file run-v8.cif (mmCIF, C-alpha atoms (C1' of nucleotides))
data_target
loop_
_atom_site.group_PDB
_atom_site.id
_atom_site.type_symbol
_atom_site.label_atom_id
_atom_site.label_comp_id
_atom_site.auth_asym_id
_atom_site.auth_seq_id
_atom_site.Cartn_x
_atom_site.Cartn_y
_atom_site.Cartn_z
ATOM 1 C CA MET E 1 53.848 117.647 97.737
ATOM 2 C CA LEU E 2 57.540 118.130 98.212
ATOM 3 C CA ASN E 3 57.303 117.878 101.964
ATOM 4 C CA LYS E 4 60.860 117.241 103.045
ATOM 5 C CA PRO E 5 61.327 113.956 104.913
ATOM 6 C CA SER E 6 62.334 114.022 108.562
ATOM 7 C CA GLN E 7 65.522 112.503 109.894
ATOM 8 C CA LEU E 8 63.540 109.535 111.180
ATOM 9 C CA ASP E 9 61.921 109.015 107.780
ATOM 10 C CA LEU E 10 65.310 108.954 106.135
ATOM 11 C CA THR E 11 66.779 106.549 108.660
ATOM 12 C CA PHE E 12 63.942 104.036 108.568
ATOM 13 C CA GLN E 13 63.760 104.313 104.795
ATOM 14 C CA ALA E 14 67.479 103.703 104.509
ATOM 15 C CA LEU E 15 67.273 100.617 106.703
ATOM 16 C CA ALA E 16 64.264 99.228 104.840
ATOM 17 C CA ASP E 17 66.431 97.902 102.029
ATOM 18 C CA PRO E 18 68.283 94.607 102.567
ATOM 19 C CA THR E 19 71.248 95.714 100.466
ATOM 20 C CA ARG E 20 71.664 98.817 102.569
ATOM 21 C CA ARG E 21 71.300 96.857 105.788
ATOM 22 C CA ALA E 22 73.978 94.477 104.514
ATOM 23 C CA MET E 23 76.219 97.476 103.935
ATOM 24 C CA VAL E 24 75.577 98.756 107.444
ATOM 25 C CA GLU E 25 76.266 95.290 108.816
ATOM 26 C CA ARG E 26 79.526 95.165 106.908
ATOM 27 C CA LEU E 27 80.538 98.608 108.091
ATOM 28 C CA SER E 28 79.668 97.956 111.698
ATOM 29 C CA MET E 29 82.515 95.441 111.658
ATOM 30 C CA GLY E 30 84.956 98.023 110.351
ATOM 31 C CA ALA E 31 85.541 100.649 107.678
ATOM 32 C CA ALA E 32 85.565 99.641 104.022
ATOM 33 C CA SER E 33 86.130 101.117 100.583
ATOM 34 C CA VAL E 34 83.307 101.423 98.076
ATOM 35 C CA GLY E 35 84.741 98.509 96.127
ATOM 36 C CA GLU E 36 84.949 96.272 99.197
ATOM 37 C CA LEU E 37 81.403 97.246 100.044
ATOM 38 C CA ALA E 38 80.259 96.377 96.530
ATOM 39 C CA ARG E 39 82.112 93.087 96.048
ATOM 40 C CA PRO E 40 79.649 90.773 97.883
ATOM 41 C CA LEU E 41 76.612 92.511 96.405
ATOM 42 C CA ALA E 42 75.056 91.195 93.200
ATOM 43 C CA MET E 43 74.703 94.543 91.480
ATOM 44 C CA SER E 44 76.598 97.192 89.578
ATOM 45 C CA LEU E 45 78.887 99.637 91.283
ATOM 46 C CA PRO E 46 76.727 102.673 90.476
ATOM 47 C CA ALA E 47 73.837 100.942 92.224
ATOM 48 C CA VAL E 48 75.986 100.498 95.317
ATOM 49 C CA MET E 49 76.959 104.147 95.177
ATOM 50 C CA GLN E 50 73.329 105.134 95.118
ATOM 51 C CA HIS E 51 72.667 103.005 98.188
ATOM 52 C CA LEU E 52 75.671 104.609 99.806
ATOM 53 C CA ALA E 53 74.262 108.041 99.038
ATOM 54 C CA VAL E 54 71.006 107.074 100.759
ATOM 55 C CA LEU E 55 72.900 105.870 103.822
ATOM 56 C CA GLU E 56 74.922 109.068 103.970
ATOM 57 C CA GLY E 57 71.815 111.155 103.421
ATOM 58 C CA ALA E 58 70.276 109.442 106.416
ATOM 59 C CA GLY E 59 73.361 110.173 108.511
ATOM 60 C CA LEU E 60 74.027 106.477 109.008
ATOM 61 C CA VAL E 61 77.333 106.369 107.173
ATOM 62 C CA MET E 62 80.191 108.786 106.635
ATOM 63 C CA SER E 63 82.841 108.583 103.986
ATOM 64 C CA GLU E 64 86.079 110.285 103.064
ATOM 65 C CA LYS E 65 87.998 110.072 99.861
ATOM 66 C CA ILE E 66 91.763 109.760 99.960
ATOM 67 C CA GLY E 67 93.586 109.448 96.681
ATOM 68 C CA ARG E 68 91.252 107.458 94.521
ATOM 69 C CA VAL E 69 89.649 105.329 97.196
ATOM 70 C CA ARG E 70 86.694 106.389 99.307
ATOM 71 C CA THR E 71 86.606 104.891 102.765
ATOM 72 C CA CYS E 72 83.231 104.456 104.435
ATOM 73 C CA ARG E 73 82.406 103.994 108.078
ATOM 74 C CA ILE E 74 79.399 103.994 110.385
ATOM 75 C CA ALA E 75 78.511 107.483 111.581
ATOM 76 C CA PRO E 76 78.755 107.861 115.365
ATOM 77 C CA GLY E 77 75.320 107.826 116.967
ATOM 78 C CA ALA E 78 73.858 106.611 113.700
ATOM 79 C CA LEU E 79 71.032 104.625 115.223
ATOM 80 C CA ARG E 80 70.282 106.926 118.118
ATOM 81 C CA GLY E 81 67.164 108.426 116.566
ATOM 82 C CA VAL E 82 65.601 105.091 115.738
ATOM 83 C CA GLU E 83 66.447 103.691 119.140
ATOM 84 C CA ALA E 84 64.873 106.698 120.831
ATOM 85 C CA TRP E 85 61.669 106.386 118.837
ATOM 86 C CA ILE E 86 61.350 102.683 119.530
ATOM 87 C CA GLY E 87 62.144 103.252 123.178
ATOM 88 C CA ALA E 88 59.416 105.858 123.450
ATOM 89 C CA ARG E 89 56.836 103.531 121.900
ATOM 90 C CA ARG E 90 57.885 100.784 124.252
ATOM 91 C CA ALA E 91 57.631 103.099 127.212
ATOM 92 C CA GLU E 92 54.103 104.183 126.324
ATOM 93 C CA TRP E 93 53.096 100.660 125.634
ATOM 94 C CA GLU E 94 54.423 99.305 128.911
ATOM 95 C CA MET E 95 52.953 102.184 130.871
ATOM 96 C CA ARG E 96 49.621 101.358 129.361
ATOM 97 C CA LEU E 97 49.969 97.717 130.330
ATOM 98 C CA ASP E 98 50.854 98.801 133.860
ATOM 99 C CA ARG E 99 47.722 100.891 134.098
ATOM 100 C CA LEU E 100 45.710 97.962 132.802
ATOM 101 C CA GLY E 101 47.349 95.764 135.434
ATOM 102 C CA ASP E 102 46.473 98.282 138.148
ATOM 103 C CA TYR E 103 42.910 98.418 136.926
ATOM 104 C CA LEU E 104 42.618 94.655 136.941
ATOM 105 C CA ASN E 105 44.104 94.481 140.434
ATOM 106 C CA GLU E 106 41.831 97.180 141.818
ATOM 107 C CA ASN E 107 38.789 95.443 140.455
ATOM 108 C CA LYS E 108 39.892 91.947 141.391
ATOM 109 C CA GLU E 109 38.342 91.854 144.873
ATOM 110 C CA GLY E 110 34.586 92.056 144.533
ATOM 111 C CA GLY E 111 34.523 92.486 140.766
ATOM 112 C CA ASP E 112 33.091 89.983 138.340
ATOM 113 C CA GLY E 113 35.741 87.615 137.117
ATOM 114 C CA ASN E 114 35.630 89.032 133.618
ATOM 115 C CA GLY E 115 38.880 88.904 131.614
ATOM 116 C CA ALA E 116 37.946 91.991 129.624
ATOM 117 C CA SER E 117 40.262 93.103 126.855
ATOM 118 C CA GLU E 118 40.905 96.836 127.166
ATOM 119 C CA MET W 1 62.565 90.310 90.424
ATOM 120 C CA LEU W 2 59.697 89.474 92.704
ATOM 121 C CA ASN W 3 62.009 88.614 95.561
ATOM 122 C CA LYS W 4 59.740 88.573 98.577
ATOM 123 C CA PRO W 5 60.724 91.068 101.260
ATOM 124 C CA SER W 6 61.892 89.813 104.648
ATOM 125 C CA GLN W 7 60.109 90.567 107.884
ATOM 126 C CA LEU W 8 62.744 93.169 108.694
ATOM 127 C CA ASP W 9 62.275 94.836 105.300
ATOM 128 C CA LEU W 10 58.551 95.070 105.899
ATOM 129 C CA THR W 11 58.939 96.463 109.385
ATOM 130 C CA PHE W 12 61.481 99.151 108.505
ATOM 131 C CA GLN W 13 59.533 100.012 105.368
ATOM 132 C CA ALA W 14 56.334 100.337 107.377
ATOM 133 C CA LEU W 15 57.983 102.650 109.890
ATOM 134 C CA ALA W 16 59.604 104.786 107.202
ATOM 135 C CA ASP W 17 56.385 106.695 106.583
ATOM 136 C CA PRO W 18 55.450 109.506 109.014
ATOM 137 C CA THR W 19 51.735 108.809 108.658
ATOM 138 C CA ARG W 20 52.241 105.185 109.596
ATOM 139 C CA ARG W 21 54.485 106.121 112.504
ATOM 140 C CA ALA W 22 51.795 108.515 113.692
ATOM 141 C CA MET W 23 49.333 105.642 113.565
ATOM 142 C CA VAL W 24 51.666 103.438 115.576
ATOM 143 C CA GLU W 25 52.164 106.260 118.078
ATOM 144 C CA ARG W 26 48.427 106.656 118.411
ATOM 145 C CA LEU W 27 47.921 102.936 118.848
ATOM 146 C CA SER W 28 50.672 102.562 121.386
ATOM 147 C CA MET W 29 48.526 104.711 123.668
ATOM 148 C CA GLY W 30 45.531 102.439 123.208
ATOM 149 C CA ALA W 31 43.354 100.672 120.660
ATOM 150 C CA ALA W 32 41.408 102.695 118.119
ATOM 151 C CA SER W 33 38.912 102.256 115.310
ATOM 152 C CA VAL W 34 39.856 102.986 111.715
ATOM 153 C CA GLY W 35 37.876 106.204 111.843
ATOM 154 C CA GLU W 36 39.593 107.391 115.025
ATOM 155 C CA LEU W 37 42.909 106.545 113.444
ATOM 156 C CA ALA W 38 42.022 108.514 110.341
ATOM 157 C CA ARG W 39 40.526 111.614 111.952
ATOM 158 C CA PRO W 40 43.769 113.495 112.753
ATOM 159 C CA LEU W 41 45.343 112.570 109.408
ATOM 160 C CA ALA W 42 44.996 114.910 106.462
ATOM 161 C CA MET W 43 44.051 112.287 103.906
ATOM 162 C CA SER W 44 41.192 110.161 102.665
ATOM 163 C CA LEU W 45 40.003 107.095 104.516
ATOM 164 C CA PRO W 46 41.085 104.678 101.780
ATOM 165 C CA ALA W 47 44.599 106.069 102.092
ATOM 166 C CA VAL W 48 44.525 105.365 105.818
ATOM 167 C CA MET W 49 43.295 101.844 105.136
ATOM 168 C CA GLN W 50 46.201 101.267 102.814
ATOM 169 C CA HIS W 51 48.625 102.427 105.492
ATOM 170 C CA LEU W 52 46.870 100.148 107.916
ATOM 171 C CA ALA W 53 47.306 97.246 105.519
ATOM 172 C CA VAL W 54 51.033 97.947 105.366
ATOM 173 C CA LEU W 55 51.264 98.007 109.159
ATOM 174 C CA GLU W 56 49.347 94.747 109.418
ATOM 175 C CA GLY W 57 51.447 93.195 106.680
ATOM 176 C CA ALA W 58 54.532 94.070 108.692
ATOM 177 C CA GLY W 59 53.037 92.469 111.787
ATOM 178 C CA LEU W 60 53.106 95.776 113.651
ATOM 179 C CA VAL W 61 49.371 96.121 114.067
ATOM 180 C CA MET W 62 46.461 93.730 114.489
ATOM 181 C CA SER W 63 42.816 94.472 113.942
ATOM 182 C CA GLU W 64 39.483 92.841 114.481
ATOM 183 C CA LYS W 65 36.131 93.804 113.095
ATOM 184 C CA ILE W 66 33.088 93.723 115.327
ATOM 185 C CA GLY W 67 29.802 94.807 113.839
ATOM 186 C CA ARG W 68 30.732 97.572 111.478
ATOM 187 C CA VAL W 69 33.721 98.922 113.366
ATOM 188 C CA ARG W 70 37.246 97.573 113.059
ATOM 189 C CA THR W 71 39.363 97.987 116.152
ATOM 190 C CA CYS W 72 43.128 98.206 115.736
ATOM 191 C CA ARG W 73 45.857 97.641 118.266
ATOM 192 C CA ILE W 74 49.629 97.237 118.413
ATOM 193 C CA ALA W 75 50.698 93.651 117.824
ATOM 194 C CA PRO W 76 52.538 92.150 120.796
ATOM 195 C CA GLY W 77 56.267 92.002 120.165
ATOM 196 C CA ALA W 78 55.811 94.252 117.176
ATOM 197 C CA LEU W 79 59.168 95.949 117.425
ATOM 198 C CA ARG W 80 61.182 92.973 118.589
ATOM 199 C CA GLY W 81 62.779 92.293 115.205
ATOM 200 C CA VAL W 82 63.929 95.869 114.707
ATOM 201 C CA GLU W 83 65.210 96.102 118.245
ATOM 202 C CA ALA W 84 67.174 92.891 117.809
ATOM 203 C CA TRP W 85 68.787 94.067 114.598
ATOM 204 C CA ILE W 86 69.761 97.411 116.071
ATOM 205 C CA GLY W 87 71.043 95.714 119.188
ATOM 206 C CA ALA W 88 73.218 93.405 117.118
ATOM 207 C CA ARG W 89 74.731 96.322 115.183
ATOM 208 C CA ARG W 90 75.393 98.144 118.420
ATOM 209 C CA ALA W 91 77.029 95.072 119.897
ATOM 210 C CA GLU W 92 79.385 94.651 116.950
ATOM 211 C CA TRP W 93 80.142 98.308 116.921
ATOM 212 C CA GLU W 94 80.957 98.503 120.619
ATOM 213 C CA MET W 95 83.009 95.318 120.463
ATOM 214 C CA ARG W 96 85.008 96.916 117.723
ATOM 215 C CA LEU W 97 85.551 100.052 119.787
ATOM 216 C CA ASP W 98 86.661 97.869 122.697
ATOM 217 C CA ARG W 99 89.250 96.172 120.542
ATOM 218 C CA LEU W 100 90.418 99.577 119.373
ATOM 219 C CA GLY W 101 90.639 100.698 122.986
ATOM 220 C CA ASP W 102 92.704 97.628 123.849
ATOM 221 C CA TYR W 103 94.981 98.310 120.928
ATOM 222 C CA LEU W 104 95.464 101.935 121.946
ATOM 223 C CA ASN W 105 96.112 100.936 125.540
ATOM 224 C CA GLU W 106 98.643 98.281 124.571
ATOM 225 C CA ASN W 107 100.501 100.775 122.439
ATOM 226 C CA LYS W 108 100.187 103.700 124.827
ATOM 227 C CA GLU W 109 103.411 103.180 126.782
ATOM 228 C CA GLY W 110 106.243 103.916 124.365
ATOM 229 C CA GLY W 111 104.011 104.962 121.479
ATOM 230 C CA ASP W 112 103.813 108.455 120.057
ATOM 231 C CA GLY W 113 101.070 110.472 121.674
ATOM 232 C CA ASN W 114 99.045 110.554 118.505
ATOM 233 C CA GLY W 115 95.274 110.889 118.903
ATOM 234 C CA ALA W 116 94.664 108.943 115.713
ATOM 235 C CA SER W 117 91.148 108.293 114.497
ATOM 236 C CA GLU W 118 90.793 104.557 113.901
ATOM 237 C "C1'" DT R 1 103.696 109.281 79.075
ATOM 238 C "C1'" DG R 2 100.402 105.631 78.851
ATOM 239 C "C1'" DT R 3 97.342 102.545 80.918
ATOM 240 C "C1'" DA R 4 94.868 100.536 84.523
ATOM 241 C "C1'" DC R 5 92.189 101.368 88.650
ATOM 242 C "C1'" DA R 6 88.543 103.251 91.704
ATOM 243 C "C1'" DC R 7 85.145 105.612 91.602
ATOM 244 C "C1'" DT R 8 81.488 109.245 89.466
ATOM 245 C "C1'" DT R 9 77.977 111.171 86.670
ATOM 246 C "C1'" DA R 10 74.253 110.961 83.503
ATOM 247 C "C1'" DA R 11 70.379 109.094 81.330
ATOM 248 C "C1'" DG R 12 66.773 105.975 81.046
ATOM 249 C "C1'" DC R 13 63.629 102.307 82.206
ATOM 250 C "C1'" DT R 14 60.283 99.423 85.170
ATOM 251 C "C1'" DA R 15 57.957 98.514 89.383
ATOM 252 C "C1'" DT R 16 56.304 100.266 93.580
ATOM 253 C "C1'" DT R 17 54.297 103.982 96.673
ATOM 254 C "C1'" DG R 18 51.098 107.021 98.261
ATOM 255 C "C1'" DC R 19 47.660 109.084 97.227
ATOM 256 C "C1'" DT R 20 42.959 110.221 94.795
ATOM 257 C "C1'" DT R 21 37.812 109.621 93.411
ATOM 258 C "C1'" DA R 22 34.024 106.734 92.661
ATOM 259 C "C1'" DT R 23 31.484 102.871 93.832
ATOM 260 C "C1'" DC R 24 30.142 99.112 96.797
ATOM 261 C "C1'" DT R 25 28.886 96.277 101.184
ATOM 262 C "C1'" DA R 26 27.570 95.566 105.338
ATOM 263 C "C1'" DT R 27 25.693 97.276 109.932
ATOM 264 C "C1'" DC R 28 22.981 99.928 112.779
ATOM 265 C "C1'" DT R 29 18.947 103.137 114.130
ATOM 266 C "C1'" DG R 30 14.617 105.545 113.821
ATOM 267 C "C1'" DC Y 1 12.048 99.575 105.508
ATOM 268 C "C1'" DA Y 2 14.843 104.096 104.696
ATOM 269 C "C1'" DG Y 3 18.460 106.455 105.784
ATOM 270 C "C1'" DA Y 4 22.875 107.190 107.956
ATOM 271 C "C1'" DT Y 5 27.437 105.024 109.528
ATOM 272 C "C1'" DA Y 6 31.778 102.659 109.182
ATOM 273 C "C1'" DG Y 7 34.386 100.625 106.429
ATOM 274 C "C1'" DA Y 8 36.066 98.054 101.828
ATOM 275 C "C1'" DT Y 9 37.237 97.620 96.975
ATOM 276 C "C1'" DA Y 10 38.617 99.259 92.468
ATOM 277 C "C1'" DA Y 11 40.835 101.923 89.157
ATOM 278 C "C1'" DG Y 12 43.915 105.393 88.003
ATOM 279 C "C1'" DC Y 13 47.804 108.579 88.364
ATOM 280 C "C1'" DA Y 14 52.125 111.317 89.531
ATOM 281 C "C1'" DA Y 15 56.291 110.754 91.974
ATOM 282 C "C1'" DT Y 16 59.927 107.940 93.745
ATOM 283 C "C1'" DA Y 17 63.058 103.824 94.182
ATOM 284 C "C1'" DG Y 18 66.144 100.710 92.470
ATOM 285 C "C1'" DC Y 19 68.266 99.221 89.168
ATOM 286 C "C1'" DT Y 20 70.849 99.345 84.344
ATOM 287 C "C1'" DT Y 21 74.456 100.750 80.643
ATOM 288 C "C1'" DA Y 22 77.522 104.151 78.783
ATOM 289 C "C1'" DA Y 23 80.658 107.560 79.294
ATOM 290 C "C1'" DG Y 24 83.284 110.519 82.287
ATOM 291 C "C1'" DT Y 25 87.157 112.131 86.102
ATOM 292 C "C1'" DG Y 26 90.870 111.893 88.750
ATOM 293 C "C1'" DT Y 27 95.056 108.863 90.846
ATOM 294 C "C1'" DA Y 28 98.616 105.662 90.723
ATOM 295 C "C1'" DC Y 29 102.232 103.267 88.983
ATOM 296 C "C1'" DA Y 30 105.447 101.388 85.392
#
call {"tool": "encode", "arguments": {"input": "run-v8.cif", "output": "structure tokens"}}
result
Amino acid sequence: MLNKPSQLDLTFQALADPTRRAMVERLSMGAASVGELARPLAMSLPAVMQHLAVLEGAGLVMSEKIGRVRTCRIAPGALRGVEAWIGARRAEWEMRLDRLGDYLNENKEGGDGNGASE
Amino acid sequence: MLNKPSQLDLTFQALADPTRRAMVERLSMGAASVGELARPLAMSLPAVMQHLAVLEGAGLVMSEKIGRVRTCRIAPGALRGVEAWIGARRAEWEMRLDRLGDYLNENKEGGDGNGASE
DNA sequence: TGTACACTTAAGCTATTGCTTATCTATCTG
DNA sequence: CAGATAGATAAGCAATAGCTTAAGTGTACA
């Protein structure tokens, strides 16, 4: 039951929350402290820290504490995994459509004019 | 408290589960019935149906029932929203790196040879 | 030193998730 | 019609998510 989540699970899960996406959006325009990150969000600071922990756990965000302020930034290659997965699905999907196109072309001359789906 | 989730929330949330991603992977290679979808998954059929409902709710999958078998397929443009969001983040991020590059270049002649991060 | 600031940790509470089993409801098919 | 098939619905349950408030822990600065 305690099957540990994959990297992809963590990333998608992290991005599924609008607050966390807002944080990523903020950070993709430049580094920010926890306080700066929290200011526009209508929730307590501990809540923001928990979101931050999720983002770090997913490898989307890195942070470093200097003095008493923790500075957060987007992790390099953060979205690579998600992009790869989506790309792969797209590739399969388009390949399939190509094969369907080939099939339709091959059967065009002489076939019945049926617009069959699949 | 019952703030309705956005399309993007639903999509990321749907893809955050490995079972649901497996279903999408299966479907991106071709349409399948609920039973076919369920067979390789180590869980009850109702569980699969619930996952299917999530995928449909997110607009990732469509299905149509004919006779007693429901056939599922990937919804066209399913991943467009996610791709757009990721693309936007990437764009901002790269723009920011460009500006940093400009800054470093402008300060290269005469500056100290520091390989500063940020 | 004292006090404010910027986080951190801990505990607790509700709603949602991801299952389960049990019980239908429609199709087929012999 | 009597099964068997393919799926649908309902109820329930343990675990997790997303908050909250209250009470720390270090830093900074006068």
call {"tool": "closest_residue", "arguments": {"input": "run-v8.cif", "among": "E:Pro18, E:Gly59, E:Gly67, E:Pro46", "to": "DC5 (chain R)", "atoms": "only C-alpha atoms (C1' of nucleotides)"}}
result
E:Gly67
call {"tool": "calpha_fit_and_write", "arguments": {"input": "run-v8.cif", "fixed": "chain E", "moving": "chain W", "output": "mmCIF file with C-alpha atoms, in the coordinates of the input"}}
result
data_model
loop_
_atom_site.group_PDB
_atom_site.id
_atom_site.type_symbol
_atom_site.label_atom_id
_atom_site.label_comp_id
_atom_site.auth_asym_id
_atom_site.auth_seq_id
_atom_site.Cartn_x
_atom_site.Cartn_y
_atom_site.Cartn_z
ATOM 1 C CA MET W 1 54.216 118.189 97.630
ATOM 2 C CA LEU W 2 57.933 118.484 98.096
ATOM 3 C CA ASN W 3 57.643 118.251 101.852
ATOM 4 C CA LYS W 4 61.169 117.522 102.986
ATOM 5 C CA PRO W 5 61.515 114.256 104.886
ATOM 6 C CA SER W 6 62.510 114.316 108.550
ATOM 7 C CA GLN W 7 65.659 112.730 109.886
ATOM 8 C CA LEU W 8 63.605 109.823 111.189
ATOM 9 C CA ASP W 9 61.977 109.324 107.781
ATOM 10 C CA LEU W 10 65.381 109.184 106.145
ATOM 11 C CA THR W 11 66.782 106.759 108.674
ATOM 12 C CA PHE W 12 63.884 104.299 108.578
ATOM 13 C CA GLN W 13 63.719 104.591 104.801
ATOM 14 C CA ALA W 14 67.436 103.892 104.530
ATOM 15 C CA LEU W 15 67.156 100.804 106.714
ATOM 16 C CA ALA W 16 64.112 99.492 104.861
ATOM 17 C CA ASP W 17 66.249 98.103 102.051
ATOM 18 C CA PRO W 18 68.025 94.754 102.611
ATOM 19 C CA THR W 19 71.010 95.792 100.508
ATOM 20 C CA ARG W 20 71.502 98.903 102.593
ATOM 21 C CA ARG W 21 71.094 96.956 105.820
ATOM 22 C CA ALA W 22 73.710 94.512 104.570
ATOM 23 C CA MET W 23 76.019 97.452 103.977
ATOM 24 C CA VAL W 24 75.406 98.754 107.480
ATOM 25 C CA GLU W 25 76.023 95.269 108.876
ATOM 26 C CA ARG W 26 79.276 95.059 106.976
ATOM 27 C CA LEU W 27 80.353 98.489 108.144
ATOM 28 C CA SER W 28 79.470 97.862 111.747
ATOM 29 C CA MET W 29 82.250 95.274 111.724
ATOM 30 C CA GLY W 30 84.756 97.786 110.400
ATOM 31 C CA ALA W 31 85.396 100.405 107.738
ATOM 32 C CA ALA W 32 85.420 99.410 104.085
ATOM 33 C CA SER W 33 86.036 100.873 100.651
ATOM 34 C CA VAL W 34 83.226 101.223 98.135
ATOM 35 C CA GLY W 35 84.585 98.274 96.199
ATOM 36 C CA GLU W 36 84.736 96.042 99.278
ATOM 37 C CA LEU W 37 81.212 97.095 100.103
ATOM 38 C CA ALA W 38 80.055 96.249 96.604
ATOM 39 C CA ARG W 39 81.824 92.919 96.129
ATOM 40 C CA PRO W 40 79.339 90.655 97.972
ATOM 41 C CA LEU W 41 76.325 92.452 96.487
ATOM 42 C CA ALA W 42 74.761 91.167 93.296
ATOM 43 C CA MET W 43 74.465 94.512 91.555
ATOM 44 C CA SER W 44 76.420 97.117 89.651
ATOM 45 C CA LEU W 45 78.756 99.539 91.359
ATOM 46 C CA PRO W 46 76.648 102.598 90.524
ATOM 47 C CA ALA W 47 73.729 100.930 92.277
ATOM 48 C CA VAL W 48 75.880 100.453 95.363
ATOM 49 C CA MET W 49 76.935 104.091 95.200
ATOM 50 C CA GLN W 50 73.322 105.146 95.141
ATOM 51 C CA HIS W 51 72.615 103.045 98.220
ATOM 52 C CA LEU W 52 75.644 104.584 99.835
ATOM 53 C CA ALA W 53 74.313 108.045 99.056
ATOM 54 C CA VAL W 54 71.042 107.160 100.765
ATOM 55 C CA LEU W 55 72.889 105.915 103.844
ATOM 56 C CA GLU W 56 74.995 109.065 103.966
ATOM 57 C CA GLY W 57 71.940 111.232 103.429
ATOM 58 C CA ALA W 58 70.354 109.559 106.432
ATOM 59 C CA GLY W 59 73.452 110.229 108.513
ATOM 60 C CA LEU W 60 74.028 106.512 109.031
ATOM 61 C CA VAL W 61 77.330 106.325 107.212
ATOM 62 C CA MET W 62 80.255 108.671 106.661
ATOM 63 C CA SER W 63 82.917 108.398 104.020
ATOM 64 C CA GLU W 64 86.172 110.018 103.104
ATOM 65 C CA LYS W 65 88.112 109.773 99.901
ATOM 66 C CA ILE W 66 91.865 109.379 100.009
ATOM 67 C CA GLY W 67 93.681 109.046 96.726
ATOM 68 C CA ARG W 68 91.320 107.086 94.566
ATOM 69 C CA VAL W 69 89.693 105.008 97.279
ATOM 70 C CA ARG W 70 86.738 106.129 99.365
ATOM 71 C CA THR W 71 86.595 104.630 102.822
ATOM 72 C CA CYS W 72 83.205 104.280 104.489
ATOM 73 C CA ARG W 73 82.357 103.839 108.130
ATOM 74 C CA ILE W 74 79.335 103.906 110.426
ATOM 75 C CA ALA W 75 78.529 107.412 111.612
ATOM 76 C CA PRO W 76 78.766 107.785 115.391
ATOM 77 C CA GLY W 77 75.331 107.853 116.979
ATOM 78 C CA ALA W 78 73.845 106.675 113.722
ATOM 79 C CA LEU W 79 70.988 104.747 115.249
ATOM 80 C CA ARG W 80 70.271 107.066 118.143
ATOM 81 C CA GLY W 81 67.189 108.641 116.567
ATOM 82 C CA VAL W 82 65.558 105.321 115.746
ATOM 83 C CA GLU W 83 66.373 103.915 119.148
ATOM 84 C CA ALA W 84 64.860 106.954 120.832
ATOM 85 C CA TRP W 85 61.649 106.714 118.850
ATOM 86 C CA ILE W 86 61.255 103.018 119.545
ATOM 87 C CA GLY W 87 62.059 103.573 123.190
ATOM 88 C CA ALA W 88 59.387 106.246 123.442
ATOM 89 C CA ARG W 89 56.752 103.968 121.889
ATOM 90 C CA ARG W 90 57.742 101.193 124.246
ATOM 91 C CA ALA W 91 57.520 103.533 127.208
ATOM 92 C CA GLU W 92 54.011 104.673 126.312
ATOM 93 C CA TRP W 93 52.952 101.159 125.620
ATOM 94 C CA GLU W 94 54.246 99.774 128.903
ATOM 95 C CA MET W 95 52.808 102.696 130.847
ATOM 96 C CA ARG W 96 49.482 101.883 129.320
ATOM 97 C CA LEU W 97 49.790 98.232 130.304
ATOM 98 C CA ASP W 98 50.680 99.324 133.837
ATOM 99 C CA ARG W 99 47.548 101.413 134.067
ATOM 100 C CA LEU W 100 45.559 98.461 132.781
ATOM 101 C CA GLY W 101 47.199 96.266 135.399
ATOM 102 C CA ASP W 102 46.287 98.763 138.114
ATOM 103 C CA TYR W 103 42.734 98.855 136.869
ATOM 104 C CA LEU W 104 42.473 95.068 136.855
ATOM 105 C CA ASN W 105 43.984 94.859 140.320
ATOM 106 C CA GLU W 106 41.649 97.494 141.732
ATOM 107 C CA ASN W 107 38.667 95.654 140.339
ATOM 108 C CA LYS W 108 39.889 92.165 141.170
ATOM 109 C CA GLU W 109 38.313 91.823 144.618
ATOM 110 C CA GLY W 110 34.563 91.668 144.055
ATOM 111 C CA GLY W 111 34.749 91.727 140.265
ATOM 112 C CA ASP W 112 33.754 88.868 138.007
ATOM 113 C CA GLY W 113 36.688 86.652 137.177
ATOM 114 C CA ASN W 114 36.658 87.699 133.564
ATOM 115 C CA GLY W 115 39.981 87.529 131.715
ATOM 116 C CA ALA W 116 38.988 90.403 129.460
ATOM 117 C CA SER W 117 41.338 91.648 126.778
ATOM 118 C CA GLU W 118 41.733 95.400 127.224
#
call {"tool": "interface_residues", "arguments": {"input": "run-v8.cif", "of": "chain W", "to": "chain E", "cutoff": "7 Å", "atoms": "all atoms listed in the file", "output": "list of chain:residue names"}}
result
W:Asp9, W:Phe12, W:Gln13, W:Leu15, W:Ala16, W:Asp17, W:Pro18, W:Glu25, W:Ser28, W:Met29, W:Arg89, W:Glu92, W:Trp93, W:Arg96
call {"tool": "resolve_selection", "arguments": {"input": "run-v8.cif", "expression": "the PyMOL selection byres ((chain E) within 12 of (chain R))", "output": "list in words"}}
result
Met1, Ser33, Val34, Gly35, Glu36, Ala38, Leu45, Pro46, Ala47, Val48, Met49, Gln50, Lys65, Ile66, Gly67, Arg68, Val69, Arg70 and Thr71 of chain E
call {"tool": "closest_residue", "arguments": {"input": "run-v8.cif", "among": "E:Arg20, E:Leu37, E:Cys72, E:Ala32", "to": "Leu55 (chain E)", "atoms": "only C-alpha atoms"}}
result
E:Arg20
call {"tool": "resolve_selection", "arguments": {"input": "run-v8.cif", "expression": "the PyMOL selection byres ((chain Y) within 10 of (chain E))", "output": "list in words"}}
result
DA15, DG18, DC19, DT20, DT21, DG26, DT27 and DA28 of chain Y
call {"tool": "atom_distance", "arguments": {"input": "run-v8.cif", "atom1": "CA of Leu41 (chain W)", "atom2": "CA of Leu60 (chain W)"}}
result
19.0 Å
